[in-house]
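Engineer: One file is attached below, run-v7.cif, containing mmCIF, C-alpha atoms.
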```cif
data_target
loop_
_atom_site.group_PDB
_atom_site.id
_atom_site.type_symbol
_atom_site.label_atom_id
_atom_site.label_comp_id
_atom_site.auth_asym_id
_atom_site.auth_seq_id
_atom_site.Cartn_x
_atom_site.Cartn_y
_atom_site.Cartn_z
ATOM 1 C CA MET E 4 0.000 0.000 0.000
ATOM 2 C CA THR E 5 1.403 3.406 -0.997
ATOM 3 C CA ALA E 6 1.994 5.773 1.922
ATOM 4 C CA GLN E 7 0.032 9.000 2.001
ATOM 5 C CA PRO E 8 1.986 11.943 0.560
ATOM 6 C CA HIS E 9 3.317 14.448 3.088
ATOM 7 C CA HIS E 10 0.839 17.340 3.106
ATOM 8 C CA VAL E 11 2.292 20.827 2.607
ATOM 9 C CA ALA E 12 0.053 23.872 3.157
ATOM 10 C CA VAL E 13 1.250 27.188 1.718
ATOM 11 C CA LEU E 14 -0.260 30.295 3.307
ATOM 12 C CA ALA E 15 -0.915 33.037 0.737
ATOM 13 C CA LEU E 16 -1.247 36.405 2.459
ATOM 14 C CA ASP E 17 -2.263 39.689 0.840
ATOM 15 C CA GLY E 18 0.797 41.282 -0.747
ATOM 16 C CA VAL E 19 2.438 37.901 -1.372
ATOM 17 C CA ILE E 20 5.317 37.720 -3.842
ATOM 18 C CA PRO E 21 4.176 35.388 -6.656
ATOM 19 C CA PHE E 22 7.648 33.968 -7.298
ATOM 20 C CA GLU E 23 8.050 32.852 -3.697
ATOM 21 C CA LEU E 24 4.475 31.601 -3.463
ATOM 22 C CA GLY E 25 5.168 29.262 -6.376
ATOM 23 C CA ILE E 26 8.385 27.741 -5.001
ATOM 24 C CA PRO E 27 6.807 25.039 -2.769
ATOM 25 C CA GLN E 28 4.556 23.723 -5.533
ATOM 26 C CA ARG E 29 7.437 23.693 -7.987
ATOM 27 C CA ILE E 30 9.857 21.853 -5.673
ATOM 28 C CA PHE E 31 7.625 19.572 -3.603
ATOM 29 C CA GLY E 32 5.291 18.946 -6.514
ATOM 30 C CA ARG E 33 8.176 17.411 -8.502
ATOM 31 C CA ALA E 34 9.331 14.985 -5.799
ATOM 32 C CA ARG E 35 8.496 11.411 -6.763
ATOM 33 C CA THR E 36 9.194 7.847 -5.665
ATOM 34 C CA PRO E 37 11.131 5.617 -8.107
ATOM 35 C CA GLU E 38 7.696 4.359 -9.231
ATOM 36 C CA GLY E 39 6.570 7.902 -10.015
ATOM 37 C CA GLU E 40 4.240 8.345 -7.029
ATOM 38 C CA PRO E 41 4.095 11.859 -5.501
ATOM 39 C CA LEU E 42 5.873 12.219 -2.174
ATOM 40 C CA TYR E 43 4.090 15.462 -1.259
ATOM 41 C CA SER E 44 0.712 17.071 -1.793
ATOM 42 C CA VAL E 45 0.666 20.882 -1.840
ATOM 43 C CA THR E 46 -2.337 23.035 -0.949
ATOM 44 C CA THR E 47 -2.373 26.826 -1.212
ATOM 45 C CA CYS E 48 -4.717 28.560 1.205
ATOM 46 C CA GLY E 49 -5.726 32.021 2.376
ATOM 47 C CA VAL E 50 -6.498 33.263 5.882
ATOM 48 C CA GLY E 51 -9.904 34.690 4.929
ATOM 49 C CA GLY E 52 -11.257 31.582 3.222
ATOM 50 C CA PRO E 53 -11.312 30.694 -0.474
ATOM 51 C CA GLY E 54 -11.155 33.714 -2.752
ATOM 52 C CA PRO E 55 -8.835 36.346 -4.248
ATOM 53 C CA VAL E 56 -5.496 37.250 -2.656
ATOM 54 C CA ARG E 57 -3.606 40.378 -3.644
ATOM 55 C CA THR E 58 -0.007 40.011 -4.756
ATOM 56 C CA ASP E 59 2.771 42.586 -5.016
ATOM 57 C CA ALA E 60 2.410 42.343 -8.803
ATOM 58 C CA ASP E 61 -0.339 43.706 -11.052
ATOM 59 C CA PHE E 62 -2.600 40.680 -10.616
ATOM 60 C CA GLU E 63 -4.481 38.751 -7.952
ATOM 61 C CA ILE E 64 -4.499 35.006 -7.390
ATOM 62 C CA LEU E 65 -7.552 32.927 -6.549
ATOM 63 C CA VAL E 66 -7.049 30.369 -3.782
ATOM 64 C CA ALA E 67 -9.459 27.478 -3.448
ATOM 65 C CA HIS E 68 -8.876 26.809 0.259
ATOM 66 C CA GLY E 69 -9.220 28.702 3.514
ATOM 67 C CA PRO E 70 -7.316 28.398 6.820
ATOM 68 C CA GLU E 71 -8.925 25.037 7.550
ATOM 69 C CA ALA E 72 -6.237 23.562 5.251
ATOM 70 C CA LEU E 73 -3.659 24.319 7.954
ATOM 71 C CA ALA E 74 -5.265 21.838 10.349
ATOM 72 C CA GLY E 75 -4.364 18.842 8.216
ATOM 73 C CA ALA E 76 -0.887 19.986 7.182
ATOM 74 C CA ASP E 77 2.323 18.166 8.018
ATOM 75 C CA THR E 78 4.305 21.247 6.931
ATOM 76 C CA VAL E 79 3.114 24.867 6.806
ATOM 77 C CA ILE E 80 5.042 27.318 4.605
ATOM 78 C CA VAL E 81 4.720 31.105 4.830
ATOM 79 C CA PRO E 82 6.138 32.973 1.806
ATOM 80 C CA ALA E 83 6.963 36.688 1.995
ATOM 81 C CA SER E 84 4.289 39.373 1.876
ATOM 82 C CA TYR E 85 4.575 43.163 1.789
ATOM 83 C CA GLU E 86 1.161 43.825 3.379
ATOM 84 C CA LEU E 87 1.481 42.374 6.867
ATOM 85 C CA GLY E 88 0.330 45.483 8.743
ATOM 86 C CA PRO E 89 0.571 44.847 12.513
ATOM 87 C CA VAL E 90 3.100 42.053 11.946
ATOM 88 C CA HIS E 91 5.641 44.473 10.461
ATOM 89 C CA GLU E 92 4.597 47.513 12.479
ATOM 90 C CA GLU E 93 3.988 46.044 15.942
ATOM 91 C CA GLY E 94 5.278 42.457 15.828
ATOM 92 C CA ARG E 95 1.846 40.920 16.433
ATOM 93 C CA LEU E 96 -0.518 38.782 14.390
ATOM 94 C CA THR E 97 -3.774 40.147 13.059
ATOM 95 C CA PRO E 98 -6.833 38.484 14.636
ATOM 96 C CA GLU E 99 -7.402 36.651 11.350
ATOM 97 C CA LEU E 100 -3.849 35.282 11.329
ATOM 98 C CA ALA E 101 -4.059 34.314 14.988
ATOM 99 C CA VAL E 102 -7.208 32.264 14.309
ATOM 100 C CA ALA E 103 -5.511 30.650 11.300
ATOM 101 C CA PHE E 104 -2.414 29.621 13.263
ATOM 102 C CA ALA E 105 -4.559 28.258 16.076
ATOM 103 C CA ARG E 106 -5.514 25.534 13.589
ATOM 104 C CA VAL E 107 -1.913 24.332 13.196
ATOM 105 C CA ARG E 108 -1.368 21.055 15.017
ATOM 106 C CA PRO E 109 1.472 20.705 17.566
ATOM 107 C CA GLY E 110 4.513 19.155 15.920
ATOM 108 C CA THR E 111 3.729 20.539 12.463
ATOM 109 C CA ARG E 112 6.865 21.591 10.611
ATOM 110 C CA LEU E 113 6.921 25.362 10.060
ATOM 111 C CA VAL E 114 8.826 27.024 7.226
ATOM 112 C CA SER E 115 9.263 30.629 6.127
ATOM 113 C CA ILE E 116 10.576 32.049 2.875
ATOM 114 C CA CYS E 117 12.206 35.484 3.078
ATOM 115 C CA THR E 118 10.180 37.880 5.275
ATOM 116 C CA GLY E 119 7.608 35.188 5.958
ATOM 117 C CA SER E 120 9.799 34.779 9.048
ATOM 118 C CA TRP E 121 8.084 37.869 10.506
ATOM 119 C CA VAL E 122 4.829 35.926 10.654
ATOM 120 C CA LEU E 123 6.423 32.941 12.404
ATOM 121 C CA ALA E 124 8.142 35.300 14.856
ATOM 122 C CA ALA E 125 4.926 37.202 15.591
ATOM 123 C CA ALA E 126 3.234 33.865 16.275
ATOM 124 C CA GLY E 127 5.960 33.051 18.832
ATOM 125 C CA TYR E 128 7.460 30.113 16.956
ATOM 126 C CA LEU E 129 10.932 31.655 16.697
ATOM 127 C CA ASP E 130 11.435 32.723 20.331
ATOM 128 C CA GLY E 131 14.826 31.481 21.498
ATOM 129 C CA ARG E 132 15.579 29.935 18.115
ATOM 130 C CA PRO E 133 18.132 30.782 15.434
ATOM 131 C CA ALA E 134 16.443 32.207 12.331
ATOM 132 C CA THR E 135 17.194 34.151 9.185
ATOM 133 C CA THR E 136 15.371 36.455 6.806
ATOM 134 C CA HIS E 137 16.240 38.710 3.888
ATOM 135 C CA TRP E 138 19.491 40.517 4.666
ATOM 136 C CA ALA E 139 17.925 43.946 4.005
ATOM 137 C CA ASP E 140 15.295 43.362 6.715
ATOM 138 C CA ALA E 141 17.450 41.548 9.255
ATOM 139 C CA ALA E 142 18.254 44.554 11.479
ATOM 140 C CA ALA E 143 14.608 45.621 11.718
ATOM 141 C CA PHE E 144 13.599 41.988 12.277
ATOM 142 C CA GLN E 145 16.008 41.701 15.210
ATOM 143 C CA ARG E 146 14.763 44.961 16.751
ATOM 144 C CA MET E 147 11.145 43.866 16.453
ATOM 145 C CA PHE E 148 11.799 40.357 17.818
ATOM 146 C CA PRO E 149 14.711 40.486 20.279
ATOM 147 C CA ALA E 150 14.004 36.937 21.509
ATOM 148 C CA VAL E 151 14.963 35.558 18.070
ATOM 149 C CA ARG E 152 18.635 34.714 17.398
ATOM 150 C CA VAL E 153 18.863 36.352 13.971
ATOM 151 C CA ASP E 154 21.625 35.320 11.568
ATOM 152 C CA ALA E 155 21.604 37.556 8.492
ATOM 153 C CA GLU E 156 24.610 35.886 6.886
ATOM 154 C CA VAL E 157 23.154 32.545 5.806
ATOM 155 C CA LEU E 158 20.855 31.209 3.091
ATOM 156 C CA PHE E 159 18.673 29.173 5.429
ATOM 157 C CA ILE E 160 18.543 27.701 8.924
ATOM 158 C CA ASP E 161 17.218 24.254 9.813
ATOM 159 C CA ASP E 162 16.278 24.178 13.483
ATOM 160 C CA GLY E 163 14.369 20.931 13.413
ATOM 161 C CA GLU E 164 10.629 21.645 13.360
ATOM 162 C CA VAL E 165 11.157 25.281 12.359
ATOM 163 C CA LEU E 166 13.096 26.329 9.251
ATOM 164 C CA THR E 167 13.675 29.825 7.875
ATOM 165 C CA SER E 168 15.267 31.089 4.671
ATOM 166 C CA ALA E 169 16.647 34.293 3.254
ATOM 167 C CA GLY E 170 15.218 36.094 0.243
ATOM 168 C CA VAL E 171 13.777 34.752 -2.994
ATOM 169 C CA ALA E 172 16.027 31.997 -4.430
ATOM 170 C CA ALA E 173 17.100 30.907 -0.939
ATOM 171 C CA GLY E 174 13.545 29.572 -0.640
ATOM 172 C CA ILE E 175 14.401 27.120 -3.421
ATOM 173 C CA ASP E 176 17.518 26.057 -1.522
ATOM 174 C CA LEU E 177 15.514 25.491 1.652
ATOM 175 C CA CYS E 178 12.761 23.497 -0.061
ATOM 176 C CA LEU E 179 15.360 21.294 -1.777
ATOM 177 C CA HIS E 180 17.060 20.862 1.599
ATOM 178 C CA ILE E 181 13.758 19.673 3.081
ATOM 179 C CA VAL E 182 13.273 17.157 0.267
ATOM 180 C CA ARG E 183 16.858 15.982 0.816
ATOM 181 C CA ARG E 184 16.260 15.697 4.558
ATOM 182 C CA ASP E 185 13.016 13.773 4.051
ATOM 183 C CA HIS E 186 13.964 11.498 1.159
ATOM 184 C CA GLY E 187 17.707 11.721 0.476
ATOM 185 C CA ALA E 188 19.989 13.358 -2.045
ATOM 186 C CA ALA E 189 18.917 11.277 -5.058
ATOM 187 C CA VAL E 190 15.298 12.489 -4.898
ATOM 188 C CA ALA E 191 16.345 16.093 -4.237
ATOM 189 C CA ASN E 192 18.877 16.043 -7.069
ATOM 190 C CA GLU E 193 16.245 14.767 -9.490
ATOM 191 C CA VAL E 194 13.900 17.591 -8.462
ATOM 192 C CA ALA E 195 16.748 20.070 -8.988
ATOM 193 C CA ARG E 196 17.473 18.662 -12.433
ATOM 194 C CA ARG E 197 13.836 18.956 -13.451
ATOM 195 C CA THR E 198 13.708 22.500 -12.092
ATOM 196 C CA VAL E 199 17.087 23.386 -13.674
ATOM 197 C CA VAL E 200 18.605 24.760 -10.469
ATOM 198 C CA PRO E 201 21.767 23.828 -8.541
ATOM 199 C CA PRO E 202 21.060 20.672 -6.519
ATOM 200 C CA HIS E 203 22.679 21.930 -3.336
ATOM 201 C CA ARG E 204 23.735 25.215 -1.782
ATOM 202 C CA ASP E 205 24.704 24.794 1.828
ATOM 203 C CA GLY E 206 22.554 26.718 4.300
ATOM 204 C CA GLY E 207 25.601 28.345 5.862
ATOM 205 C CA GLN E 208 26.639 29.964 2.607
ATOM 206 C CA ALA E 209 26.551 33.774 2.665
ATOM 207 C CA GLN E 210 23.284 35.169 1.325
ATOM 208 C CA PHE E 211 24.560 38.555 0.119
ATOM 209 C CA ILE E 212 27.601 38.289 -2.093
ATOM 210 C CA ARG E 213 28.551 40.848 -4.686
ATOM 211 C CA ARG E 214 29.390 38.946 -7.843
ATOM 212 C CA PRO E 215 30.145 41.391 -10.664
ATOM 213 C CA VAL E 216 29.777 39.937 -14.147
ATOM 214 C CA PRO E 217 33.328 39.146 -15.336
ATOM 215 C CA GLU E 218 34.633 41.298 -18.129
ATOM 216 C CA ALA E 219 34.926 39.625 -21.510
ATOM 217 C CA GLY E 220 37.991 37.432 -21.446
ATOM 218 C CA ALA E 221 38.380 37.674 -17.670
ATOM 219 C CA ALA E 222 39.643 34.542 -15.939
ATOM 220 C CA THR E 223 37.189 32.515 -13.853
ATOM 221 C CA THR E 224 37.521 29.399 -11.705
ATOM 222 C CA THR E 225 35.035 27.284 -13.662
ATOM 223 C CA ALA E 226 37.618 25.008 -15.267
ATOM 224 C CA ALA E 227 39.319 24.376 -11.932
ATOM 225 C CA ARG E 228 36.034 23.335 -10.359
ATOM 226 C CA ALA E 229 35.271 20.940 -13.207
ATOM 227 C CA TRP E 230 38.805 19.530 -12.934
ATOM 228 C CA ALA E 231 38.392 19.032 -9.183
ATOM 229 C CA LEU E 232 34.991 17.325 -9.506
ATOM 230 C CA ALA E 233 36.579 14.685 -11.740
ATOM 231 C CA ARG E 234 39.264 14.053 -9.098
ATOM 232 C CA LEU E 235 37.471 14.255 -5.749
ATOM 233 C CA HIS E 236 38.931 10.868 -4.807
ATOM 234 C CA GLU E 237 42.456 12.287 -5.030
ATOM 235 C CA PRO E 238 44.263 14.578 -2.555
ATOM 236 C CA LEU E 239 43.696 18.086 -3.944
ATOM 237 C CA ARG E 240 45.802 21.037 -2.870
ATOM 238 C CA LEU E 241 44.842 24.643 -3.318
ATOM 239 C CA ARG E 242 47.934 25.058 -5.456
ATOM 240 C CA ASP E 243 46.655 22.312 -7.788
ATOM 241 C CA LEU E 244 43.389 24.150 -8.383
ATOM 242 C CA ALA E 245 45.110 27.505 -8.905
ATOM 243 C CA GLU E 246 47.423 25.975 -11.490
ATOM 244 C CA GLN E 247 44.432 24.899 -13.602
ATOM 245 C CA GLU E 248 43.626 28.583 -14.106
ATOM 246 C CA SER E 249 47.256 29.753 -14.264
ATOM 247 C CA MET E 250 46.670 31.953 -11.224
ATOM 248 C CA SER E 251 48.556 32.536 -8.034
ATOM 249 C CA VAL E 252 47.020 30.910 -4.979
ATOM 250 C CA ARG E 253 46.083 34.314 -3.598
ATOM 251 C CA THR E 254 44.365 35.476 -6.795
ATOM 252 C CA PHE E 255 42.621 32.150 -7.280
ATOM 253 C CA THR E 256 41.281 32.132 -3.701
ATOM 254 C CA ARG E 257 39.943 35.669 -4.042
ATOM 255 C CA ARG E 258 38.330 34.972 -7.415
ATOM 256 C CA PHE E 259 36.884 31.652 -6.200
ATOM 257 C CA ARG E 260 35.221 33.303 -3.208
ATOM 258 C CA GLU E 261 33.847 36.093 -5.412
ATOM 259 C CA GLU E 262 32.266 33.532 -7.727
ATOM 260 C CA THR E 263 30.958 30.963 -5.222
ATOM 261 C CA GLY E 264 30.667 32.826 -1.923
ATOM 262 C CA ILE E 265 32.803 30.259 -0.078
ATOM 263 C CA SER E 266 36.462 29.260 0.094
ATOM 264 C CA PRO E 267 37.925 26.499 -2.126
ATOM 265 C CA GLY E 268 38.338 24.285 0.943
ATOM 266 C CA GLN E 269 34.698 24.697 1.968
ATOM 267 C CA TRP E 270 33.577 24.001 -1.589
ATOM 268 C CA LEU E 271 35.654 20.817 -1.809
ATOM 269 C CA THR E 272 34.207 19.562 1.472
ATOM 270 C CA GLN E 273 30.653 20.233 0.249
ATOM 271 C CA GLN E 274 31.290 18.362 -3.008
ATOM 272 C CA ARG E 275 32.809 15.411 -1.155
ATOM 273 C CA VAL E 276 29.865 15.248 1.222
ATOM 274 C CA GLU E 277 27.525 15.201 -1.781
ATOM 275 C CA ARG E 278 29.587 12.455 -3.444
ATOM 276 C CA ALA E 279 29.519 10.409 -0.243
ATOM 277 C CA ARG E 280 25.757 10.827 0.063
ATOM 278 C CA HIS E 281 25.268 9.650 -3.501
ATOM 279 C CA LEU E 282 27.439 6.567 -2.989
ATOM 280 C CA LEU E 283 25.823 5.706 0.338
ATOM 281 C CA GLU E 284 22.379 5.892 -1.261
ATOM 282 C CA THR E 285 23.049 4.147 -4.552
ATOM 283 C CA SER E 286 25.917 1.654 -4.047
ATOM 284 C CA ALA E 287 26.809 -1.353 -1.946
ATOM 285 C CA LEU E 288 30.370 -0.121 -1.421
ATOM 286 C CA SER E 289 31.752 -0.462 2.084
ATOM 287 C CA ILE E 290 31.946 2.628 4.286
ATOM 288 C CA ASP E 291 35.748 2.599 3.913
ATOM 289 C CA GLN E 292 35.497 2.487 0.110
ATOM 290 C CA VAL E 293 32.906 5.290 0.035
ATOM 291 C CA ALA E 294 35.257 7.392 2.151
ATOM 292 C CA ARG E 295 38.128 6.784 -0.284
ATOM 293 C CA ASP E 296 36.038 7.379 -3.416
ATOM 294 C CA ALA E 297 34.600 10.616 -1.994
ATOM 295 C CA GLY E 298 38.072 11.899 -1.151
ATOM 296 C CA PHE E 299 37.869 11.769 2.645
ATOM 297 C CA GLY E 300 40.590 9.154 2.871
ATOM 298 C CA THR E 301 39.337 7.394 5.982
ATOM 299 C CA ALA E 302 35.970 6.348 7.334
ATOM 300 C CA GLN E 303 36.664 8.377 10.486
ATOM 301 C CA SER E 304 37.227 11.560 8.473
ATOM 302 C CA MET E 305 34.036 10.986 6.475
ATOM 303 C CA ARG E 306 32.096 10.265 9.660
ATOM 304 C CA GLN E 307 33.204 13.584 11.159
ATOM 305 C CA HIS E 308 32.290 15.558 8.027
ATOM 306 C CA LEU E 309 28.883 13.901 7.576
ATOM 307 C CA GLN E 310 28.111 14.338 11.257
ATOM 308 C CA ALA E 311 28.942 18.041 10.963
ATOM 309 C CA ALA E 312 26.998 18.542 7.725
ATOM 310 C CA LEU E 313 24.000 16.249 8.268
ATOM 311 C CA GLY E 314 23.942 15.379 11.948
ATOM 312 C CA VAL E 315 24.081 11.630 11.255
ATOM 313 C CA THR E 316 26.731 8.963 10.764
ATOM 314 C CA PRO E 317 27.352 7.356 7.336
ATOM 315 C CA THR E 318 25.793 4.097 8.530
ATOM 316 C CA THR E 319 22.629 5.825 9.739
ATOM 317 C CA TYR E 320 22.387 7.842 6.536
ATOM 318 C CA ARG E 321 22.714 4.701 4.392
ATOM 319 C CA ARG E 322 20.129 2.819 6.446
ATOM 320 C CA THR E 323 17.671 5.698 6.002
ATOM 321 C CA PHE E 324 18.149 6.539 2.341
ATOM 322 C CA GLN E 325 19.730 3.614 0.479
ATOM 323 C CA THR E 326 17.728 2.882 -2.683
ATOM 324 C CA LEU E 327 19.200 -0.498 -3.681
ATOM 325 C CA PRO E 328 16.568 -3.213 -4.294
#
```
Rewrite the structure of this file - the entire thing - as structure tokens.
Structural biologist:
Amino acid sequence: MTAQPHHVAVLALDGVIPFELGIPQRIFGRARTPEGEPLYSVTTCGVGGPGPVRTDADFEILVAHGPEALAGADTVIVPASYELGPVHEEGRLTPELAVAFARVRPGTRLVSICTGSWVLAAAGYLDGRPATTHWADAAAFQRMFPAVRVDAEVLFIDDGEVLTSAGVAAGIDLCLHIVRRDHGAAVANEVARRTVVPPHRDGGQAQFIRRPVPEAGAATTTAARAWALARLHEPLRLRDLAEQESMSVRTFTRRFREETGISPGQWLTQQRVERARHLLETSALSIDQVARDAGFGTAQSMRQHLQAALGVTPTTYRRTFQTLP
């Protein structure tokens, strides 16, 4: 018997940003079992019942569900809105929002995209927790909600039952992270491929990075990254990567950070973690062999890196997500 899909309810508030409202349906709606069965069902709802909801664009959307949809949700997602009134001005929910959130069951996973975090904070869900929001609103967010541990430097924060993301595209990163957390890297990577977005940007990556478009003919680090991905199982020194672009180590490191937002060492670790996840899910290789093929060298080193990145050991990860028949 096929398990019931995980039910995601997306709360569309007046002033919602259409791009961000559409992210959950696009990401969760593409997640499938190997047999093609949907892993999630997505319902969009409004706080005032079925009907029109204003957006920040020149059109309205018509939602078919009211706040009663929140009562049956396993995950509730709040995208950003620019018309939150008392939430932005006084840090409190409107009576209508308060009634809507009263329907949310204890233990429901709560997610915000961009300034949707203001709604979760006003409802009290972020008190004492780490959270993020769009970098441009972070200072005001912290002043309005001093009990929240605001981190304006990251793309998203996973704090168990409550997850928050920075602006716009970071909502895609967070939703892919949730799919990866629920069903493993293979499912999340397939969703990313279908959506034509990068399969993984680590939540700790900086959210606001100035990346000027390179001048015509300017050197980049693209070739070095491709070269490294083909050799993750080998020891790779920073000097090796810089030589692929005929740059000094100092210039290469600066250019690499400008283009990716992280250091070459951090990037290599991320890629090796992703390689290890893939092998743990899809192969019968021993833990020692996975560690060697992913470039960690030893099982102990891989265990430390996976524990830091995912909070689980390689054995636990394999037991949860391995897809071999």
Engineer: On this file, the PyMOL selection byres ((chain E and resi 78) around 6) gives some set of residues; write that set as a CSV table (one decimal) with C-alpha atoms, keeping the file's coordinate frame.
Structural biologist:
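Saved to out07.csv:
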```csv
chain,number,residue,atom,x,y,z
E,11,VAL,CA,2.3,20.8,2.6
E,76,ALA,CA,-0.9,20.0,7.2
E,77,ASP,CA,2.3,18.2,8.0
E,79,VAL,CA,3.1,24.9,6.8
E,111,THR,CA,3.7,20.5,12.5
E,112,ARG,CA,6.9,21.6,10.6
E,113,LEU,CA,6.9,25.4,10.1
```
Engineer: Rounded to one decimal in Å, what is the spacing between atom CA of Leu327 of chain E and atom CA of Asp185 of chain E?
Structural biologist: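 Separation of atom CA of Leu327 of chain E and atom CA of Asp185 of chain E: 17.4 Å.
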Engineer: Run the PyMOL selection byres ((chain E and resi 56) around 7) against the file shown and list the residues it catches, as a list in words.
Structural biologist: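 Output from the PyMOL selection byres ((chain E and resi 56) around 7), applied to this file: Leu16, Asp17, Gly54, Pro55, Arg57, Thr58, Glu63, Ile64 and Leu65 of chain E.
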Engineer: Taking the file above as input, evaluate the PyMOL selection byres ((chain E and resi 107) around 8) and report the hits as number ranges by chain.
Structural biologist: E: 73-76, 103-106, 108-109, 111
Engineer: Taking only C-alpha atoms into account, name the residue in E:His91, E:Gly300, E:His180, E:Asp161 that is nearest to Asp140 of chain E.
Structural biologist: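 Once distances to Asp140 of chain E are computed over only C-alpha atoms, the minimum belongs to E:His91.
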Engineer: With a distance cut-off of 8 Å and only C-alpha atoms, select the neighbouring residues of Phe31 of chain E, excluding the residue or stretch itself and same-chain residues fewer than 3 positions from it, and output the selection as a ChimeraX atom specification.
Structural biologist: /E:27-28,34,42-45,178,182
Engineer: What gap, in Å, lies between atom CA of Arg322 of chain E and atom CA of Gln310 of chain E?
Structural biologist: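 So the answer is 14.8 Å.
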Engineer: So what do you get for atom CA of Ile26 of chain E versus atom CA of Arg183 of chain E, distance-wise?
Structural biologist: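 Between these atoms lies a distance of 15.6 Å.
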Engineer: Which of these residues is nearest to Ala143 of chain E, using all atoms listed in the file: E:Gly163, E:Gly131, E:Gly94, E:Gly32?
Structural biologist: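 When distances to Ala143 of chain E are compared using all atoms listed in the file, the smallest one comes from E:Gly94.
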Engineer: Pick out the residues sitting within 8 Å of Glu284 of chain E, and hand them over as JSON, numbers by chain; count all atoms listed in the file, and ignore anything fewer than 5 positions along from it in its own chain.
Structural biologist: {"E": [187, 188, 189, 321, 324, 325, 326, 327]}
Engineer: Could you please take those selected residues and save C-alpha atoms as a compact mmCIF listing (two decimals), keeping the file's coordinate frame?
Structural biologist:
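Result written to part-v4.txt:
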```
# COMPACT_ATOMS: atom_id res chain seq x y z
CA GLY E 187 17.71 11.72 0.48
CA ALA E 188 19.99 13.36 -2.04
CA ALA E 189 18.92 11.28 -5.06
CA ARG E 321 22.71 4.70 4.39
CA PHE E 324 18.15 6.54 2.34
CA GLN E 325 19.73 3.61 0.48
CA THR E 326 17.73 2.88 -2.68
CA LEU E 327 19.20 -0.50 -3.68
```
Engineer: For Val66 of chain E, which of E:Leu244, E:Ser84, E:Val13, E:Val114 is the closest residue, counting all atoms listed in the file?
Structural biologist: E:Val13
Engineer: Could you tell me which of E:Ala312, E:Gly110, E:Ala245, E:Ile175 comes closest to Ala226 of chain E if we count all atoms listed in the file?
Structural biologist: E:Ala245
Engineer: Go through E:Leu313, E:Leu282, E:Ala173, E:Leu96 and flag the residue nearest Val122 of chain E, using only C-alpha atoms for the distances.
Structural biologist: E:Leu96
Engineer: Considering only C-alpha atoms, can you say which of E:Arg257, E:His137, E:Arg95, E:Arg240 comes closest to Gly174 of chain E?
Structural biologist: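 Selected residue with least distance to Gly174 of chain E: E:His137.
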Engineer: Please determine the residues with any atom at most 7 Å from (21.0, 37.6, 7.1) (coordinates as given in the file, with all atoms listed in the file counting) and report them as a ChimeraX atom specification.
Structural biologist: /E:135-138,141,154-157,169,210
Engineer: Excluding Thr272 of chain E and residues on its chain fewer than 5 positions from it, collect all residues at most 9 Å away from it, counting only C-alpha atoms, and give them as JSON, numbers by chain.
Structural biologist: {"E": [267, 277, 298, 299, 308]}
Engineer: Because some atoms of segment 268-279 of chain E are absent here, can you restore N, CA and C atoms and send them as a PDB file, keeping the file's coordinate frame?
Structural biologist:
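As a result, result_34.pdb now contains:
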```pdb
ATOM      1  N   GLY E 268      38.392  25.403   0.010  1.00  0.00           N
ATOM      2  CA  GLY E 268      38.338  24.285   0.943  1.00  0.00           C
ATOM      3  C   GLY E 268      36.919  23.935   1.339  1.00  0.00           C
ATOM      4  N   GLN E 269      36.095  24.946   1.616  1.00  0.00           N
ATOM      5  CA  GLN E 269      34.698  24.697   1.968  1.00  0.00           C
ATOM      6  C   GLN E 269      33.958  24.054   0.798  1.00  0.00           C
ATOM      7  N   TRP E 270      34.233  24.544  -0.402  1.00  0.00           N
ATOM      8  CA  TRP E 270      33.577  24.001  -1.589  1.00  0.00           C
ATOM      9  C   TRP E 270      33.949  22.533  -1.790  1.00  0.00           C
ATOM     10  N   LEU E 271      35.226  22.201  -1.645  1.00  0.00           N
ATOM     11  CA  LEU E 271      35.654  20.817  -1.809  1.00  0.00           C
ATOM     12  C   LEU E 271      34.970  19.897  -0.789  1.00  0.00           C
ATOM     13  N   THR E 272      34.870  20.366   0.448  1.00  0.00           N
ATOM     14  CA  THR E 272      34.207  19.562   1.472  1.00  0.00           C
ATOM     15  C   THR E 272      32.747  19.332   1.112  1.00  0.00           C
ATOM     16  N   GLN E 273      32.052  20.382   0.655  1.00  0.00           N
ATOM     17  CA  GLN E 273      30.653  20.233   0.249  1.00  0.00           C
ATOM     18  C   GLN E 273      30.505  19.209  -0.864  1.00  0.00           C
ATOM     19  N   GLN E 274      31.389  19.291  -1.877  1.00  0.00           N
ATOM     20  CA  GLN E 274      31.290  18.362  -3.008  1.00  0.00           C
ATOM     21  C   GLN E 274      31.570  16.930  -2.563  1.00  0.00           C
ATOM     22  N   ARG E 275      32.499  16.756  -1.638  1.00  0.00           N
ATOM     23  CA  ARG E 275      32.809  15.411  -1.155  1.00  0.00           C
ATOM     24  C   ARG E 275      31.673  14.848  -0.303  1.00  0.00           C
ATOM     25  N   VAL E 276      31.034  15.695   0.466  1.00  0.00           N
ATOM     26  CA  VAL E 276      29.865  15.248   1.222  1.00  0.00           C
ATOM     27  C   VAL E 276      28.767  14.794   0.261  1.00  0.00           C
ATOM     28  N   GLU E 277      28.546  15.583  -0.802  1.00  0.00           N
ATOM     29  CA  GLU E 277      27.525  15.201  -1.781  1.00  0.00           C
ATOM     30  C   GLU E 277      27.883  13.899  -2.480  1.00  0.00           C
ATOM     31  N   ARG E 278      29.167  13.708  -2.823  1.00  0.00           N
ATOM     32  CA  ARG E 278      29.587  12.455  -3.444  1.00  0.00           C
ATOM     33  C   ARG E 278      29.370  11.283  -2.489  1.00  0.00           C
ATOM     34  N   ALA E 279      29.716  11.473  -1.225  1.00  0.00           N
ATOM     35  CA  ALA E 279      29.519  10.409  -0.243  1.00  0.00           C
ATOM     36  C   ALA E 279      28.045  10.065  -0.094  1.00  0.00           C
TER      37      ALA E 279
END
```
